[in-house]
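Visitor: The structure that follows is given in the form of structure tokens.
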Amino acid sequence: MTKHHITHRIIEQLPTMVAYVDRDRLFRYVNTSYAAFFDLTPKEMLGKPLTDVLSEESYQRIKPNHDHIFATGEKMEFSDSVTFRNGHKCFLDIRYLPEIDEQDNVIGIYVLIEDVSDYYASVDVMRTIHEVIHKRGRRIDPASIDELLKVGVEYLGVDIGTASSIQNGTYTIEWVQTAKMDFSAGTQLPLATTYCSVVLEANHLIYTNDASKDSRFKEHASYQTYGLETYIGTPLIINDQVWGILGFARKSKRAEPFTELEIEMVRMMGTALETVIAEQKVRSDLIRQRDDMALIAYTDALTGLKNRSAGMEILEQSLVRQHGGQGFVVSVIDFDHFKTINDTYGHDIGDKVLIAGSEAMSAAVRSSDSVVRVGGEEFMVVLAYADHESAVQVLERVRAAVEETVVTLDSGEIINPTVSVGASESRPDDDVSSIYRRADQALYKAKREGRNRVVWASESDV
């Protein structure tokens, strides 16, 4: 028995894919594992050139390596993406071991290959996940979740990927990537009708590639309704609480069960989604707190109306609109004899009068108008998009509404407050001070003329 026969018998027992190529680049030996990789038998490959299995582009890229080994007798190891004649593309770890005769001539090359496509695909997916979450110069945002789901659907070869929240027994699809199933973001389903309920019960990542034979799924409402044979899902935990589920599903079985790398990828993706969702939640909380603080900063604590600072901003905004041809009216309002009410009944009763009066004013204006407490017993109403005629009607309604207000004391005594109103239409050259000052001057005229009335600024008022 020759040395080659002994060597080949040993190689045949190995799971490694091995071939022997002569100087003419013809296969002189292939083991069963190597031939099976090309869906051929060893007999079908013997004596055939490398170009029978490799694409022309791949062969031309590998040929210089062969030439180098035949010229130098050096070993070689490398990894490369290789495309075969049948169009199949994979990533291979390749080792070349030269065979040298007694005259130190290289007479052939042993080719050892290992298909590492799944490994490198997983690495690419992990890298993509990292890039999506940590894109330089970009804050994490919910769009990242759509990108991650798309990566998962493509890598796992499934029909749909979802990130769904769970609250009070309701399953809500918050994000979805699918081209084959009729679901959209915002879809709500009873939790018990989804595979997510199985994930929640297990409280850890679960998966199946044959739901019809899996005791956890075969009688489940989701399988009965949608016929999902393949599923993998993991809980999404935010602040130590289950927020929802990351899940991927397919109606048919996959050709192969989920690999350890794929399972780990889903776990990693779940962690990434938790990061995004938690960041979004923190940001939403901060925005809400900011808005709450802004609301407090611009709200009068007693009446709940906008305060002086907010009122001045409203005036500034109204002046900007005026430059576009939108006129407005400002009125300054003061409760009549309010000091007497405070002195007679106390400040608590005075506050009740202000609250009741402010509610009456708010009910009397239009939805586009703003009622502001400037301070003490002084108020302001800004009437947006108002001409003189419509403003007269609104302000008279405001005056009458306060006059009709009744504040009943514990003693049974009744207070009917009244207000004096000064008003001014906006002018093209106005600023905040000028229009407010004219309305304030009109208010003093209303006081001098007997109170409980609306007085307009004259053309001569500055």
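Ordering of the structure tokens sets the chain letters (A, B, ...), residue numbers begin anew at 1 in every chain, and ligands are numbered from 1 in the order given.
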Considering only C-alpha atoms, tabulate each residue of range 334-425 of chain A that lies at most 12 Å from range 284-308 of chain A along with its nearest interatomic pair and the corresponding distance in Å to one decimal; arrange the rows by chain and ascending residue number and present them as a Markdown table.
Guide:
```
| residue | atom | partner | partner_atom | distance |
| --- | --- | --- | --- | --- |
| A:Asp348 | CA | A:Leu302 | CA | 11.1 |
| A:Gly350 | CA | A:Leu302 | CA | 11.2 |
| A:Asp351 | CA | A:Leu302 | CA | 7.6 |
| A:Lys352 | CA | A:Leu302 | CA | 9.3 |
| A:Val353 | CA | A:Thr303 | CA | 10.3 |
| A:Leu354 | CA | A:Thr303 | CA | 7.3 |
| A:Ile355 | CA | A:Thr303 | CA | 5.3 |
| A:Ala356 | CA | A:Thr303 | CA | 8.6 |
| A:Gly357 | CA | A:Thr303 | CA | 9.3 |
| A:Ser358 | CA | A:Thr303 | CA | 6.7 |
| A:Glu359 | CA | A:Thr303 | CA | 8.0 |
| A:Ala360 | CA | A:Thr303 | CA | 11.3 |
| A:Met361 | CA | A:Leu305 | CA | 10.5 |
| A:Ser362 | CA | A:Leu305 | CA | 8.7 |
| A:Asp369 | CA | A:Lys306 | CA | 11.8 |
| A:Ser370 | CA | A:Lys306 | CA | 8.0 |
| A:Val371 | CA | A:Leu305 | CA | 6.6 |
| A:Val372 | CA | A:Lys306 | CA | 4.9 |
| A:Arg373 | CA | A:Asn307 | CA | 5.2 |
| A:Val374 | CA | A:Arg308 | CA | 4.5 |
| A:Gly375 | CA | A:Arg308 | CA | 7.0 |
| A:Gly376 | CA | A:Leu302 | CA | 10.2 |
| A:Glu377 | CA | A:Thr303 | CA | 11.1 |
| A:Glu378 | CA | A:Arg308 | CA | 10.1 |
| A:Phe379 | CA | A:Arg308 | CA | 8.9 |
| A:Met380 | CA | A:Arg308 | CA | 8.8 |
| A:Val381 | CA | A:Lys306 | CA | 10.4 |
| A:Val382 | CA | A:Lys306 | CA | 11.4 |
```
Visitor: From a backbone DSSP assignment, name each residue in range 43-288 of chain A labelled strand (DSSP E or B), as a ChimeraX atom specification.
Guide: /A:49,54,76-84,89-100,106-115,160-167,170-178,188-190,206-208,230-238,241-250
Visitor: Measuring atom to atom with only C-alpha atoms, identify which of A:Phe217, A:Trp175, A:Tyr119, A:Phe84 is nearest to Asp146 in chain A.
Guide: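 Closest candidate: A:Trp175.
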Visitor: Calculated over only C-alpha atoms, which of the candidates A:Ser252, A:Ser331, A:Thr275, A:Asn342 has the smallest distance to Val419 in chain A?
Guide: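 Among the listed residues, A:Ser331 lies closest to Val419 in chain A.
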Visitor: Choose the residue, out of A:Val329, A:Ala439, A:Leu189, A:Leu40, that has the smallest atom-to-atom separation from Tyr385 in chain A; count only C-alpha atoms.
Guide: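 When distances to Tyr385 in chain A are compared using only C-alpha atoms, the smallest one comes from A:Val329.
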Visitor: If you run DSSP on the backbone here, which positions in range 151-286 of chain A get alpha helix (DSSP H)? Please write them as a ChimeraX atom specification.
Guide: /A:151-156,196-202,221-226,260-286
Visitor: Pick from A:Gln224, A:Thr51, A:Asn239, A:Thr194: nearest to Phe27 in chain A, with only C-alpha atoms counted?
Guide: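 Going through A:Gln224, A:Thr51, A:Asn239, A:Thr194 one by one, the smallest distance to Phe27 in chain A is for A:Thr51.
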Visitor: I'd like to know which of A:Val365, A:Ile173, A:Val421, A:Ala19 is closest to Val394 in chain A, using only C-alpha atoms.
Guide: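 Result for the nearest residue to Val394 in chain A: A:Val365.
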Visitor: Can you tell me how far CA of Gln441 in chain A sits from CA of Asp334 in chain A, in Å to one decimal?
Guide: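 Interatomic distance here is 12.1 Å.
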Visitor: So, with only C-alpha atoms as the atoms that count, which of A:Cys90, A:Ala391, A:Ile238, A:Ile109 lies closest to Asp67 in chain A?
Guide: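 Nearest candidate to Asp67 in chain A out of A:Cys90, A:Ala391, A:Ile238, A:Ile109: A:Ile109.
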Visitor: Would you kindly return, as a list in words, each protein, DNA or RNA residue with an atom no farther than 8 Å from any atom of Gly161 in chain A, considering only C-alpha atoms and excluding same-chain residues fewer than 3 positions away?
Guide: Leu149, Lys150, Gly152, Val153, Val158, Val176, Gln177, Thr178, Leu246, Gly247, Phe248 and Ala249 of chain A
Visitor: Separation of CA of Arg254 in chain A and CA of Val242 in chain A, in Å?
Guide: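 Spanning CA of Arg254 in chain A to CA of Val242 in chain A is a straight-line distance of 28.7 Å.
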Visitor: I'd like the contact shell of Leu228 in chain A - 8 Å cut-off, only C-alpha atoms, skipping same-chain residues fewer than 3 positions apart - returned as a PyMOL selection string.
Guide: chain A and resi 211+222-223+231+249-252
Visitor: Go ahead and save the residues from that selection, with N, CA and C atoms, as a PDB file, in the first residue's frame.
Guide:
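Result file is result22.pdb:
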```pdb
ATOM      1  N   ALA A 211     -43.220  24.070  15.921  1.00  0.00           N
ATOM      2  CA  ALA A 211     -44.266  24.314  16.915  1.00  0.00           C
ATOM      3  C   ALA A 211     -45.327  23.217  16.913  1.00  0.00           C
ATOM      4  N   SER A 222     -52.021  31.135  19.383  1.00  0.00           N
ATOM      5  CA  SER A 222     -51.275  31.759  18.289  1.00  0.00           C
ATOM      6  C   SER A 222     -50.985  30.761  17.184  1.00  0.00           C
ATOM      7  N   TYR A 223     -50.632  29.521  17.558  1.00  0.00           N
ATOM      8  CA  TYR A 223     -50.366  28.502  16.534  1.00  0.00           C
ATOM      9  C   TYR A 223     -51.661  28.137  15.813  1.00  0.00           C
ATOM     10  N   TYR A 231     -40.282  30.088  15.992  1.00  0.00           N
ATOM     11  CA  TYR A 231     -40.385  31.261  16.872  1.00  0.00           C
ATOM     12  C   TYR A 231     -39.180  31.310  17.799  1.00  0.00           C
ATOM     13  N   ALA A 249     -40.578  35.377  14.163  1.00  0.00           N
ATOM     14  CA  ALA A 249     -41.405  34.213  13.845  1.00  0.00           C
ATOM     15  C   ALA A 249     -41.445  33.968  12.339  1.00  0.00           C
ATOM     16  N   ARG A 250     -41.816  32.744  12.014  1.00  0.00           N
ATOM     17  CA  ARG A 250     -41.931  32.343  10.618  1.00  0.00           C
ATOM     18  C   ARG A 250     -43.029  31.290  10.520  1.00  0.00           C
ATOM     19  N   LYS A 251     -43.808  31.343   9.459  1.00  0.00           N
ATOM     20  CA  LYS A 251     -44.906  30.391   9.321  1.00  0.00           C
ATOM     21  C   LYS A 251     -44.405  28.974   9.080  1.00  0.00           C
ATOM     22  N   SER A 252     -43.350  28.857   8.303  1.00  0.00           N
ATOM     23  CA  SER A 252     -42.818  27.524   7.994  1.00  0.00           C
ATOM     24  C   SER A 252     -41.611  27.214   8.868  1.00  0.00           C
TER      25      SER A 252
END
```
Visitor: Quick one, how far is CA of Asp343 in chain A from CA of Val398 in chain A?
Guide: 25.6 Å
